[in-house]
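Trainee: Structure supplied as model.cif; contents: mmCIF, C-alpha atoms.
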data_work
#
loop_
_atom_site.label_atom_id
_atom_site.label_comp_id
_atom_site.auth_asym_id
_atom_site.auth_seq_id
_atom_site.Cartn_x
_atom_site.Cartn_y
_atom_site.Cartn_z
CA MET Q 109 130.27 67.88 110.21
CA THR Q 110 130.69 70.81 112.58
CA SER Q 111 132.02 69.81 115.96
CA ASP Q 112 130.52 71.10 119.18
CA LYS Q 113 133.71 73.09 119.80
CA THR Q 114 133.36 74.84 116.46
CA ILE Q 115 129.72 75.56 117.17
CA ASP Q 116 130.66 76.98 120.55
CA LYS Q 117 133.18 79.29 118.89
CA GLN Q 118 130.35 80.58 116.70
CA LEU Q 119 128.65 81.42 119.98
CA PRO Q 120 125.79 83.78 119.15
CA SER Q 121 127.03 86.31 121.71
CA THR Q 122 125.80 89.15 119.50
CA ARG Q 123 122.36 87.49 119.50
CA THR Q 124 122.49 87.33 123.30
CA THR Q 125 123.20 91.06 123.35
CA GLU Q 126 120.37 91.71 120.88
CA LEU Q 127 117.91 89.67 122.95
CA ASP Q 128 119.01 91.45 126.12
CA SER Q 129 118.46 94.85 124.52
CA ILE Q 130 115.00 93.76 123.30
CA CYS Q 131 113.99 92.39 126.69
CA LEU Q 132 115.25 95.51 128.46
CA LYS Q 133 112.49 97.42 126.70
CA ALA Q 134 109.74 95.57 128.52
CA GLU Q 135 109.48 93.10 131.36
CA VAL Q 136 106.18 91.84 129.97
CA ILE Q 137 105.85 90.53 126.41
CA PRO Q 138 102.25 90.08 125.23
CA VAL Q 139 101.82 86.83 123.29
CA LEU Q 140 99.28 87.28 120.49
CA ALA Q 141 97.41 84.73 118.39
CA ILE Q 142 95.65 86.98 115.88
CA GLN Q 143 92.46 85.42 114.55
CA ARG Q 144 91.20 88.28 112.36
CA ILE Q 145 93.61 90.20 110.16
CA GLU Q 146 91.70 93.45 110.73
CA ASP Q 147 92.48 93.21 114.48
CA ALA Q 148 96.25 93.06 113.94
CA VAL Q 149 97.23 96.72 113.77
CA PRO Q 150 94.71 98.21 116.24
CA LEU Q 151 95.53 95.48 118.80
CA ALA Q 152 99.27 95.94 118.45
CA ARG Q 153 98.91 99.72 118.50
CA ALA Q 154 96.86 99.61 121.72
CA LEU Q 155 99.56 97.52 123.44
CA TYR Q 156 102.35 99.72 122.10
CA GLU Q 157 100.63 102.95 123.13
CA GLY Q 158 100.05 101.42 126.57
CA GLY Q 159 103.82 101.09 126.93
CA LEU Q 160 104.46 97.48 125.86
CA THR Q 161 106.82 97.89 122.93
CA VAL Q 162 107.90 94.25 122.53
CA LEU Q 163 105.25 91.93 121.07
CA GLU Q 164 105.26 88.22 120.22
CA ILE Q 165 102.94 87.22 117.40
CA THR Q 166 102.51 83.47 117.14
CA LEU Q 167 102.24 81.46 113.93
CA ARG Q 168 99.19 79.64 115.32
CA THR Q 169 96.72 81.32 112.98
CA GLU Q 170 96.36 81.46 109.21
CA CYS Q 171 96.72 85.23 109.01
CA ALA Q 172 99.77 85.44 111.29
CA LEU Q 173 102.42 86.25 108.65
CA GLU Q 174 100.28 88.94 107.02
CA ALA Q 175 99.49 90.33 110.49
CA ILE Q 176 103.21 90.60 111.27
CA ARG Q 177 103.84 92.40 107.95
CA ARG Q 178 101.12 94.94 108.71
CA ILE Q 179 102.20 95.50 112.30
CA ASN Q 180 105.83 96.00 111.25
CA GLU Q 181 104.72 98.60 108.73
CA ALA Q 182 102.39 100.39 111.16
CA LEU Q 183 104.71 100.29 114.20
CA PRO Q 184 108.28 100.51 112.92
CA HIS Q 185 109.69 101.18 116.40
CA ALA Q 186 108.09 98.15 118.05
CA SER Q 187 110.18 94.99 118.53
CA ILE Q 188 108.29 92.14 116.90
CA GLY Q 189 108.94 88.54 117.80
CA VAL Q 190 107.53 85.68 115.74
CA GLY Q 191 106.42 82.87 118.03
CA THR Q 192 105.50 79.19 117.67
CA VAL Q 193 108.31 78.68 115.16
CA LEU Q 194 108.65 74.90 114.77
CA THR Q 195 110.90 74.43 111.72
CA PRO Q 196 113.73 76.15 109.82
CA ALA Q 197 111.19 76.83 107.04
CA GLN Q 198 109.03 78.83 109.46
CA TYR Q 199 112.17 80.54 110.76
CA ARG Q 200 112.86 81.69 107.18
CA GLN Q 201 109.29 82.97 106.89
CA ALA Q 202 109.84 84.98 110.06
CA GLU Q 203 113.00 86.49 108.56
CA GLU Q 204 111.08 87.39 105.40
CA VAL Q 205 108.35 89.31 107.27
CA GLY Q 206 110.91 91.34 109.22
CA ALA Q 207 110.97 89.62 112.61
CA ASP Q 208 113.24 91.23 115.20
CA PHE Q 209 113.52 87.89 116.98
CA VAL Q 210 112.12 84.34 116.78
CA VAL Q 211 110.58 82.35 119.65
CA THR Q 212 110.13 78.57 119.72
CA PRO Q 213 107.99 76.50 122.13
CA GLY Q 214 110.65 73.75 122.17
CA THR Q 215 113.80 73.42 120.12
CA THR Q 216 115.26 70.84 117.72
CA GLU Q 217 118.83 70.35 116.54
CA ALA Q 218 117.69 71.63 113.13
CA LEU Q 219 116.41 74.88 114.65
CA TYR Q 220 119.61 75.38 116.66
CA ARG Q 221 121.77 74.80 113.60
CA TYR Q 222 119.69 77.23 111.54
CA GLY Q 223 119.51 79.79 114.34
CA VAL Q 224 123.30 79.95 114.69
CA THR Q 225 123.54 81.14 111.07
CA SER Q 226 120.50 83.44 111.01
CA PRO Q 227 120.75 87.24 111.31
CA VAL Q 228 117.57 87.10 113.41
CA PRO Q 229 118.18 86.01 117.04
CA MET Q 230 116.25 83.05 118.45
CA LEU Q 231 114.80 82.66 121.93
CA PRO Q 232 114.70 78.85 122.09
CA GLY Q 233 112.06 77.09 124.17
CA VAL Q 234 113.22 74.73 126.91
CA ALA Q 235 111.47 72.92 129.76
CA THR Q 236 114.26 70.82 131.33
CA VAL Q 237 117.93 71.05 132.27
CA SER Q 238 118.82 68.57 129.49
CA GLU Q 239 117.15 70.81 126.89
CA LEU Q 240 118.92 73.81 128.38
CA MET Q 241 122.28 72.01 128.07
CA THR Q 242 121.61 71.24 124.39
CA GLY Q 243 121.01 74.91 123.70
CA TRP Q 244 124.07 75.81 125.74
CA GLN Q 245 126.38 73.74 123.51
CA TYR Q 246 125.16 75.74 120.51
CA GLY Q 247 126.08 78.96 122.27
CA TYR Q 248 122.63 80.00 123.45
CA ARG Q 249 122.37 81.80 126.79
CA ARG Q 250 118.82 83.21 126.66
CA PHE Q 251 115.80 80.89 126.62
CA LYS Q 252 112.05 80.78 126.74
CA PHE Q 253 110.90 78.58 129.65
CA PHE Q 254 107.72 76.91 128.40
CA PRO Q 255 105.22 75.81 129.54
CA ALA Q 256 106.38 77.60 132.69
CA GLU Q 257 103.79 76.70 135.31
CA ALA Q 258 103.30 73.14 134.01
CA SER Q 259 107.08 72.57 133.97
CA GLY Q 260 107.72 73.45 137.61
CA GLY Q 261 107.41 77.22 137.50
CA ILE Q 262 109.45 79.28 139.95
CA LYS Q 263 110.89 76.20 141.71
CA ALA Q 264 112.24 74.85 138.42
CA LEU Q 265 113.86 78.18 137.51
CA LYS Q 266 115.52 78.38 140.92
CA SER Q 267 116.85 74.85 140.35
CA PHE Q 268 118.20 75.78 136.88
CA ALA Q 269 120.18 78.63 138.48
CA GLY Q 270 122.28 76.13 140.46
CA PRO Q 271 124.15 74.33 137.67
CA ILE Q 272 123.76 77.03 134.99
CA PRO Q 273 123.61 80.44 136.70
CA GLU Q 274 124.44 82.43 133.55
CA ALA Q 275 121.26 81.37 131.71
CA ARG Q 276 118.41 83.90 131.56
CA PHE Q 277 114.78 83.08 130.85
CA CYS Q 278 111.51 84.45 129.57
CA PRO Q 279 108.94 82.18 131.27
CA THR Q 280 105.67 81.82 129.38
CA GLY Q 281 102.64 79.64 130.00
CA GLY Q 282 100.33 80.02 132.97
CA ILE Q 283 101.65 83.46 133.85
CA GLY Q 284 99.26 86.30 134.64
CA ILE Q 285 98.88 89.49 136.62
CA ASN Q 286 98.87 87.56 139.92
CA ASN Q 287 102.16 85.67 139.55
CA ALA Q 288 104.21 87.71 137.05
CA GLU Q 289 105.87 89.67 139.85
CA ASP Q 290 107.05 86.47 141.55
CA TYR Q 291 108.74 85.31 138.35
CA LEU Q 292 110.31 88.71 137.68
CA ALA Q 293 111.82 88.71 141.18
CA LEU Q 294 114.10 85.80 140.17
CA LYS Q 295 117.64 86.75 139.15
CA ASN Q 296 117.60 84.48 136.11
CA VAL Q 297 114.30 85.87 134.72
CA MET Q 298 114.67 88.79 132.28
CA CYS Q 299 111.01 89.14 131.28
CA VAL Q 300 107.75 87.15 131.15
CA GLY Q 301 105.40 86.36 128.29
CA GLY Q 302 101.66 86.09 128.57
CA SER Q 303 98.31 86.33 126.85
CA TRP Q 304 96.42 87.85 129.79
CA LEU Q 305 96.84 91.35 128.30
CA THR Q 306 94.64 90.52 125.33
CA PRO Q 307 91.51 88.80 126.69
CA LYS Q 308 89.44 87.24 123.90
CA SER Q 309 86.31 89.09 125.04
CA LEU Q 310 88.01 92.49 124.63
CA VAL Q 311 89.56 91.58 121.27
CA ASP Q 312 86.22 90.25 119.97
CA ALA Q 313 84.56 93.48 121.11
CA GLU Q 314 87.38 95.52 119.53
CA ASP Q 315 87.75 97.34 122.84
CA TRP Q 316 91.21 98.71 122.14
CA ASP Q 317 90.91 101.34 124.89
CA ALA Q 318 90.50 98.62 127.52
CA ILE Q 319 93.51 96.72 126.14
CA ARG Q 320 95.53 99.94 126.13
CA SER Q 321 94.64 100.37 129.81
CA LEU Q 322 95.68 96.80 130.64
CA ALA Q 323 98.98 97.38 128.84
CA ARG Q 324 99.58 100.64 130.69
CA GLU Q 325 98.85 98.98 134.03
CA ALA Q 326 101.34 96.18 133.26
CA ALA Q 327 103.99 98.57 131.92
CA GLU Q 328 103.79 100.72 135.05
CA ARG Q 329 103.62 97.82 137.50
CA PHE Q 330 106.38 95.70 135.97
CA HIS Q 331 109.11 98.11 134.99
CA HIS Q 332 112.88 97.85 135.25
#
Show me, as C-alpha coordinates, the structure contained in the file I just sent.
Mentor:
Amino acid sequence: MTSDKTIDKQLPSTRTTELDSICLKAEVIPVLAIQRIEDAVPLARALYEGGLTVLEITLRTECALEAIRRINEALPHASIGVGTVLTPAQYRQAEEVGADFVVTPGTTEALYRYGVTSPVPMLPGVATVSELMTGWQYGYRRFKFFPAEASGGIKALKSFAGPIPEARFCPTGGIGINNAEDYLALKNVMCVGGSWLTPKSLVDAEDWDAIRSLAREAAERFHH
(Lines of atoms letter the chains of each structure in order from A and count residues from 1; the text may use other names and numbers.)
(Lines give C-alpha, C1' and ligand atoms only; values in the text may rest on other atoms or scores of the structure.)
Protein backbone atom coordinates (compact mmCIF):
# COMPACT_ATOMS: atom_id res chain seq x y z
CA MET A 1 0.00 0.00 0.00
CA THR A 2 1.32 3.43 -0.93
CA SER A 3 2.08 5.60 2.06
CA ASP A 4 0.99 9.21 2.27
CA LYS A 5 4.65 10.26 2.04
CA THR A 6 5.07 8.36 -1.21
CA ILE A 7 1.89 9.89 -2.56
CA ASP A 8 3.12 13.33 -1.60
CA LYS A 9 6.36 12.71 -3.49
CA GLN A 10 4.26 11.92 -6.56
CA LEU A 11 2.83 15.40 -6.05
CA PRO A 12 1.01 16.32 -9.26
CA SER A 13 2.96 19.59 -9.51
CA THR A 14 2.90 19.33 -13.29
CA ARG A 15 -0.91 19.01 -13.08
CA THR A 16 -1.00 22.14 -10.91
CA THR A 17 0.97 23.96 -13.60
CA GLU A 18 -1.35 22.62 -16.32
CA LEU A 19 -4.45 23.72 -14.41
CA ASP A 20 -2.93 27.14 -13.79
CA SER A 21 -2.18 27.59 -17.49
CA ILE A 22 -5.74 26.53 -18.38
CA CYS A 23 -7.32 28.87 -15.83
CA LEU A 24 -5.11 31.76 -16.96
CA LYS A 25 -6.95 31.65 -20.27
CA ALA A 26 -10.26 32.68 -18.73
CA GLU A 27 -11.48 33.88 -15.37
CA VAL A 28 -14.95 32.56 -16.16
CA ILE A 29 -15.57 28.93 -17.11
CA PRO A 30 -19.05 28.24 -18.52
CA VAL A 31 -20.51 25.02 -17.12
CA LEU A 32 -22.61 23.25 -19.76
CA ALA A 33 -25.18 20.47 -19.45
CA ILE A 34 -25.92 19.74 -23.10
CA GLN A 35 -29.40 18.31 -23.59
CA ARG A 36 -29.49 18.09 -27.40
CA ILE A 37 -26.47 16.83 -29.31
CA GLU A 38 -27.14 19.24 -32.17
CA ASP A 39 -26.64 22.18 -29.77
CA ALA A 40 -23.15 21.08 -28.73
CA VAL A 41 -20.94 22.63 -31.39
CA PRO A 42 -22.88 25.87 -32.07
CA LEU A 43 -23.18 26.54 -28.31
CA ALA A 44 -19.50 25.90 -27.66
CA ARG A 45 -18.51 27.92 -30.73
CA ALA A 46 -20.60 30.91 -29.60
CA LEU A 47 -18.88 30.90 -26.19
CA TYR A 48 -15.45 30.45 -27.74
CA GLU A 49 -15.96 33.22 -30.28
CA GLY A 50 -17.18 35.45 -27.46
CA GLY A 51 -13.79 35.02 -25.81
CA LEU A 52 -14.41 32.19 -23.32
CA THR A 53 -11.94 29.55 -24.43
CA VAL A 54 -12.19 27.20 -21.43
CA LEU A 55 -15.42 25.19 -21.22
CA GLU A 56 -16.67 22.60 -18.73
CA ILE A 57 -19.09 20.05 -20.17
CA THR A 58 -20.79 18.00 -17.49
CA LEU A 59 -21.62 14.29 -17.68
CA ARG A 60 -25.16 15.02 -16.49
CA THR A 61 -26.79 14.26 -19.83
CA GLU A 62 -26.92 11.18 -22.04
CA CYS A 63 -25.25 12.86 -25.01
CA ALA A 64 -22.42 14.44 -23.00
CA LEU A 65 -19.55 12.20 -24.18
CA GLU A 66 -20.54 12.51 -27.84
CA ALA A 67 -20.94 16.28 -27.36
CA ILE A 68 -17.39 16.51 -25.98
CA ARG A 69 -16.04 14.51 -28.94
CA ARG A 70 -17.72 16.84 -31.41
CA ILE A 71 -16.66 20.02 -29.61
CA ASN A 72 -13.04 18.82 -29.41
CA GLU A 73 -13.06 18.17 -33.14
CA ALA A 74 -14.72 21.49 -34.01
CA LEU A 75 -12.71 23.67 -31.59
CA PRO A 76 -9.24 22.15 -31.30
CA HIS A 77 -7.82 25.23 -29.55
CA ALA A 78 -10.45 25.34 -26.81
CA SER A 79 -9.63 23.84 -23.39
CA ILE A 80 -12.33 21.29 -22.61
CA GLY A 81 -13.02 20.14 -19.09
CA VAL A 82 -15.26 17.16 -18.37
CA GLY A 83 -17.38 17.85 -15.30
CA THR A 84 -19.52 15.83 -12.88
CA VAL A 85 -16.96 13.01 -12.91
CA LEU A 86 -17.95 10.71 -10.03
CA THR A 87 -15.89 7.54 -10.54
CA PRO A 88 -12.56 6.37 -11.99
CA ALA A 89 -14.58 4.74 -14.81
CA GLN A 90 -16.00 8.13 -15.79
CA TYR A 91 -12.51 9.63 -15.46
CA ARG A 92 -11.32 7.06 -18.02
CA GLN A 93 -14.20 8.00 -20.33
CA ALA A 94 -13.11 11.63 -20.07
CA GLU A 95 -9.56 10.64 -21.05
CA GLU A 96 -10.90 8.70 -24.03
CA VAL A 97 -12.87 11.68 -25.43
CA GLY A 98 -9.84 13.97 -25.19
CA ALA A 99 -10.53 15.97 -22.02
CA ASP A 100 -7.95 18.64 -21.20
CA PHE A 101 -8.93 18.42 -17.55
CA VAL A 102 -11.48 16.67 -15.30
CA VAL A 103 -13.74 18.33 -12.72
CA THR A 104 -15.48 16.55 -9.84
CA PRO A 105 -18.32 17.88 -7.62
CA GLY A 106 -16.79 16.12 -4.59
CA THR A 107 -13.88 13.72 -4.40
CA THR A 108 -13.32 10.16 -3.17
CA GLU A 109 -10.11 8.37 -2.26
CA ALA A 110 -10.57 6.29 -5.43
CA LEU A 111 -10.69 9.43 -7.60
CA TYR A 112 -7.61 10.90 -5.91
CA ARG A 113 -5.67 7.67 -6.38
CA TYR A 114 -6.67 7.47 -10.04
CA GLY A 115 -6.06 11.17 -10.64
CA VAL A 116 -2.47 10.97 -9.37
CA THR A 117 -1.68 8.46 -12.14
CA SER A 118 -3.71 10.04 -14.96
CA PRO A 119 -2.16 12.18 -17.71
CA VAL A 120 -5.28 14.38 -17.51
CA PRO A 121 -5.24 16.81 -14.55
CA MET A 122 -8.14 16.80 -12.09
CA LEU A 123 -9.77 19.78 -10.41
CA PRO A 124 -11.21 18.01 -7.36
CA GLY A 125 -14.39 19.28 -5.72
CA VAL A 126 -14.24 20.24 -2.04
CA ALA A 127 -16.63 22.01 0.33
CA THR A 128 -14.83 21.86 3.70
CA VAL A 129 -11.35 22.22 5.18
CA SER A 130 -11.27 18.47 5.95
CA GLU A 131 -11.94 17.64 2.29
CA LEU A 132 -9.29 20.16 1.28
CA MET A 133 -6.77 18.47 3.60
CA THR A 134 -7.51 15.06 2.06
CA GLY A 135 -6.76 16.43 -1.39
CA TRP A 136 -3.66 18.15 -0.04
CA GLN A 137 -2.13 14.85 1.15
CA TYR A 138 -2.45 13.50 -2.40
CA GLY A 139 -0.54 16.49 -3.72
CA TYR A 140 -3.44 18.54 -5.02
CA ARG A 141 -3.20 22.33 -4.76
CA ARG A 142 -6.01 23.46 -7.07
CA PHE A 143 -9.65 22.73 -6.23
CA LYS A 144 -13.21 23.33 -7.27
CA PHE A 145 -15.18 24.86 -4.37
CA PHE A 146 -18.68 23.44 -4.73
CA PRO A 147 -21.45 24.24 -4.06
CA ALA A 148 -19.87 27.64 -3.44
CA GLU A 149 -22.72 29.80 -2.19
CA ALA A 150 -24.38 26.98 -0.22
CA SER A 151 -21.04 26.08 1.42
CA GLY A 152 -20.28 29.51 2.84
CA GLY A 153 -19.24 31.38 -0.28
CA ILE A 154 -16.71 34.18 0.03
CA LYS A 155 -16.52 33.91 3.85
CA ALA A 156 -15.59 30.23 3.61
CA LEU A 157 -12.88 30.89 1.02
CA LYS A 158 -11.39 33.64 3.19
CA SER A 159 -11.36 31.16 6.10
CA PHE A 160 -9.63 28.49 3.97
CA ALA A 161 -6.84 30.98 3.20
CA GLY A 162 -5.84 31.08 6.88
CA PRO A 163 -4.60 27.51 7.42
CA ILE A 164 -3.91 26.67 3.76
CA PRO A 165 -2.92 29.87 1.92
CA GLU A 166 -1.32 28.06 -1.04
CA ALA A 167 -4.59 26.45 -2.18
CA ARG A 168 -6.36 28.04 -5.17
CA PHE A 169 -10.02 27.58 -6.05
CA CYS A 170 -12.54 27.67 -8.85
CA PRO A 171 -15.81 28.36 -6.98
CA THR A 172 -18.92 27.07 -8.74
CA GLY A 173 -22.55 26.96 -7.66
CA GLY A 174 -24.70 30.02 -7.13
CA ILE A 175 -22.29 32.31 -8.96
CA GLY A 176 -23.57 34.78 -11.54
CA ILE A 177 -22.88 38.13 -13.14
CA ASN A 178 -23.70 39.96 -9.88
CA ASN A 179 -21.27 38.20 -7.54
CA ALA A 180 -18.53 36.78 -9.81
CA GLU A 181 -16.41 39.90 -9.35
CA ASP A 182 -16.50 39.55 -5.56
CA TYR A 183 -15.19 35.99 -5.79
CA LEU A 184 -12.51 36.90 -8.32
CA ALA A 185 -11.24 39.64 -6.00
CA LEU A 186 -10.09 36.97 -3.51
CA LYS A 187 -6.39 36.04 -3.66
CA ASN A 188 -7.11 32.32 -3.49
CA VAL A 189 -9.64 32.35 -6.37
CA MET A 190 -8.18 31.70 -9.84
CA CYS A 191 -11.44 31.58 -11.80
CA VAL A 192 -15.17 30.96 -11.35
CA GLY A 193 -17.53 28.49 -12.98
CA GLY A 194 -21.14 29.16 -13.81
CA SER A 195 -24.12 28.33 -15.97
CA TRP A 196 -25.47 31.88 -16.23
CA LEU A 197 -23.79 32.32 -19.63
CA THR A 198 -26.02 29.71 -21.25
CA PRO A 199 -29.61 30.47 -20.17
CA LYS A 200 -31.98 27.63 -21.07
CA SER A 201 -34.30 30.00 -22.93
CA LEU A 202 -31.50 31.12 -25.28
CA VAL A 203 -30.23 27.57 -25.84
CA ASP A 204 -33.77 26.30 -26.54
CA ALA A 205 -34.23 29.16 -29.02
CA GLU A 206 -30.82 28.42 -30.56
CA ASP A 207 -29.97 32.09 -30.13
CA TRP A 208 -26.22 31.66 -30.48
CA ASP A 209 -25.69 35.37 -31.20
CA ALA A 210 -27.14 36.30 -27.80
CA ILE A 211 -24.94 33.71 -26.07
CA ARG A 212 -21.91 35.02 -27.96
CA SER A 213 -22.75 38.50 -26.65
CA LEU A 214 -23.06 37.24 -23.06
CA ALA A 215 -19.70 35.50 -23.42
CA ARG A 216 -18.07 38.63 -24.83
CA GLU A 217 -19.47 40.73 -21.99
CA ALA A 218 -18.09 38.29 -19.39
CA ALA A 219 -14.72 37.95 -21.14
CA GLU A 220 -14.28 41.73 -21.25
CA ARG A 221 -15.55 42.38 -17.73
CA PHE A 222 -13.65 39.58 -15.98
CA HIS A 223 -10.22 39.56 -17.53
CA HIS A 224 -6.79 39.07 -15.98
Trainee: Within 12 Å of Arg329 (chain Q), counting only C-alpha atoms, which residues qualify if same-chain residues fewer than 5 places away don't, as a PyMOL selection string?
Mentor: chain Q and resi 134-136+159-160+285-286+288-289+292+322-324
Trainee: I'd like to know which of Q:Glu170, Q:Glu257, Q:Glu146, Q:Asp208 is closest to Val300 (chain Q), using all atoms listed in the file.
Mentor: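 The closest residue to Val300 (chain Q) is Q:Glu257.
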Trainee: Give as a tab-separated table (two decimals) with C-alpha atoms, keeping the file's coordinate frame the residues that the PyMOL selection byres ((chain Q and resi 274) around 12) matches when applied to the coordinates above.
Mentor:
chain	number	residue	atom	x	y	z
Q	124	THR	CA	122.49	87.33	123.30
Q	240	LEU	CA	118.92	73.81	128.38
Q	241	MET	CA	122.28	72.01	128.07
Q	244	TRP	CA	124.07	75.81	125.74
Q	247	GLY	CA	126.08	78.96	122.27
Q	248	TYR	CA	122.63	80.00	123.45
Q	249	ARG	CA	122.37	81.80	126.79
Q	250	ARG	CA	118.82	83.21	126.66
Q	251	PHE	CA	115.80	80.89	126.62
Q	268	PHE	CA	118.20	75.78	136.88
Q	269	ALA	CA	120.18	78.63	138.48
Q	270	GLY	CA	122.28	76.13	140.46
Q	271	PRO	CA	124.15	74.33	137.67
Q	272	ILE	CA	123.76	77.03	134.99
Q	273	PRO	CA	123.61	80.44	136.70
Q	275	ALA	CA	121.26	81.37	131.71
Q	276	ARG	CA	118.41	83.90	131.56
Q	277	PHE	CA	114.78	83.08	130.85
Q	295	LYS	CA	117.64	86.75	139.15
Q	296	ASN	CA	117.60	84.48	136.11
Q	297	VAL	CA	114.30	85.87	134.72
Q	298	MET	CA	114.67	88.79	132.28
Trainee: Care to translate the PyMOL selection byres ((chain Q and resi 226-231) around 6) into actual residues of this file, as a list in words?
Mentor: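 Applied to this file, the PyMOL selection byres ((chain Q and resi 226-231) around 6) returns Arg123, Phe209, Val210, Val211, Gly223, Val224, Thr225, Pro232, Phe251 and Lys252 of chain Q.
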Trainee: How far is it from CA of Gly261 (chain Q) to CA of Gly284 (chain Q), in Å with one decimal?
Mentor: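 One can read the CA of Gly261 (chain Q) to CA of Gly284 (chain Q) distance as 12.5 Å.
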Trainee: Generate the missing atoms of region 267-294 of chain Q up to N, CA and C atoms and report them as an mmCIF file, in the frame of the given file.
Mentor:
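Produced file out-v5.cif, reproduced below:
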data_model
loop_
_atom_site.group_PDB
_atom_site.id
_atom_site.type_symbol
_atom_site.label_atom_id
_atom_site.label_comp_id
_atom_site.auth_asym_id
_atom_site.auth_seq_id
_atom_site.Cartn_x
_atom_site.Cartn_y
_atom_site.Cartn_z
ATOM 1 N N SER Q 267 115.992 76.031 140.481
ATOM 2 C CA SER Q 267 116.850 74.850 140.350
ATOM 3 C C SER Q 267 117.818 74.992 139.177
ATOM 4 N N PHE Q 268 117.331 75.571 138.052
ATOM 5 C CA PHE Q 268 118.200 75.780 136.880
ATOM 6 C C PHE Q 268 119.382 76.681 137.245
ATOM 7 N N ALA Q 269 119.145 77.643 138.147
ATOM 8 C CA ALA Q 269 120.180 78.630 138.480
ATOM 9 C C ALA Q 269 121.366 77.994 139.192
ATOM 10 N N GLY Q 270 121.174 76.802 139.787
ATOM 11 C CA GLY Q 270 122.280 76.130 140.460
ATOM 12 C C GLY Q 270 123.384 75.724 139.506
ATOM 13 N N PRO Q 271 123.093 74.786 138.579
ATOM 14 C CA PRO Q 271 124.150 74.330 137.670
ATOM 15 C C PRO Q 271 124.485 75.312 136.552
ATOM 16 N N ILE Q 272 123.515 76.137 136.137
ATOM 17 C CA ILE Q 272 123.760 77.030 134.990
ATOM 18 C C ILE Q 272 123.297 78.448 135.356
ATOM 19 N N PRO Q 273 124.051 79.133 136.206
ATOM 20 C CA PRO Q 273 123.610 80.440 136.700
ATOM 21 C C PRO Q 273 123.597 81.549 135.645
ATOM 22 N N GLU Q 274 124.360 81.360 134.558
ATOM 23 C CA GLU Q 274 124.440 82.430 133.550
ATOM 24 C C GLU Q 274 123.223 82.472 132.631
ATOM 25 N N ALA Q 275 122.426 81.400 132.602
ATOM 26 C CA ALA Q 275 121.260 81.370 131.710
ATOM 27 C C ALA Q 275 120.196 82.356 132.195
ATOM 28 N N ARG Q 276 119.521 82.995 131.248
ATOM 29 C CA ARG Q 276 118.410 83.900 131.560
ATOM 30 C C ARG Q 276 117.181 83.431 130.794
ATOM 31 N N PHE Q 277 116.005 83.652 131.400
ATOM 32 C CA PHE Q 277 114.780 83.080 130.850
ATOM 33 C C PHE Q 277 113.659 84.095 130.685
ATOM 34 N N CYS Q 278 112.799 83.781 129.716
ATOM 35 C CA CYS Q 278 111.510 84.450 129.570
ATOM 36 C C CYS Q 278 110.448 83.368 129.786
ATOM 37 N N PRO Q 279 109.969 83.193 131.016
ATOM 38 C CA PRO Q 279 108.940 82.180 131.270
ATOM 39 C C PRO Q 279 107.618 82.575 130.622
ATOM 40 N N THR Q 280 106.966 81.602 130.034
ATOM 41 C CA THR Q 280 105.670 81.820 129.380
ATOM 42 C C THR Q 280 104.824 80.568 129.588
ATOM 43 N N GLY Q 281 103.542 80.778 129.815
ATOM 44 C CA GLY Q 281 102.640 79.640 130.000
ATOM 45 C C GLY Q 281 102.142 79.579 131.425
ATOM 46 N N GLY Q 282 100.906 80.027 131.630
ATOM 47 C CA GLY Q 282 100.330 80.020 132.970
ATOM 48 C C GLY Q 282 100.696 81.236 133.792
ATOM 49 N N ILE Q 283 101.253 82.256 133.130
ATOM 50 C CA ILE Q 283 101.650 83.460 133.850
ATOM 51 C C ILE Q 283 100.617 84.561 133.630
ATOM 52 N N GLY Q 284 100.252 85.235 134.714
ATOM 53 C CA GLY Q 284 99.260 86.300 134.640
ATOM 54 C C GLY Q 284 99.586 87.405 135.607
ATOM 55 N N ILE Q 285 98.670 88.309 135.774
ATOM 56 C CA ILE Q 285 98.880 89.490 136.620
ATOM 57 C C ILE Q 285 99.210 89.101 138.059
ATOM 58 N N ASN Q 286 98.705 87.942 138.512
ATOM 59 C CA ASN Q 286 98.870 87.560 139.920
ATOM 60 C C ASN Q 286 100.211 86.904 140.247
ATOM 61 N N ASN Q 287 100.885 86.336 139.239
ATOM 62 C CA ASN Q 287 102.160 85.670 139.550
ATOM 63 C C ASN Q 287 103.350 86.212 138.763
ATOM 64 N N ALA Q 288 103.116 87.162 137.860
ATOM 65 C CA ALA Q 288 104.210 87.710 137.050
ATOM 66 C C ALA Q 288 105.309 88.299 137.923
ATOM 67 N N GLU Q 289 104.904 89.009 138.975
ATOM 68 C CA GLU Q 289 105.870 89.670 139.850
ATOM 69 C C GLU Q 289 106.796 88.663 140.531
ATOM 70 N N ASP Q 290 106.249 87.509 140.895
ATOM 71 C CA ASP Q 290 107.050 86.470 141.550
ATOM 72 C C ASP Q 290 108.126 85.933 140.608
ATOM 73 N N TYR Q 291 107.758 85.767 139.339
ATOM 74 C CA TYR Q 291 108.740 85.310 138.350
ATOM 75 C C TYR Q 291 109.815 86.377 138.126
ATOM 76 N N LEU Q 292 109.372 87.632 137.971
ATOM 77 C CA LEU Q 292 110.310 88.710 137.680
ATOM 78 C C LEU Q 292 111.272 88.986 138.827
ATOM 79 N N ALA Q 293 110.934 88.522 140.017
ATOM 80 C CA ALA Q 293 111.820 88.710 141.180
ATOM 81 C C ALA Q 293 113.029 87.779 141.121
ATOM 82 N N LEU Q 294 112.974 86.741 140.273
ATOM 83 C CA LEU Q 294 114.100 85.800 140.170
ATOM 84 C C LEU Q 294 115.243 86.427 139.382
#
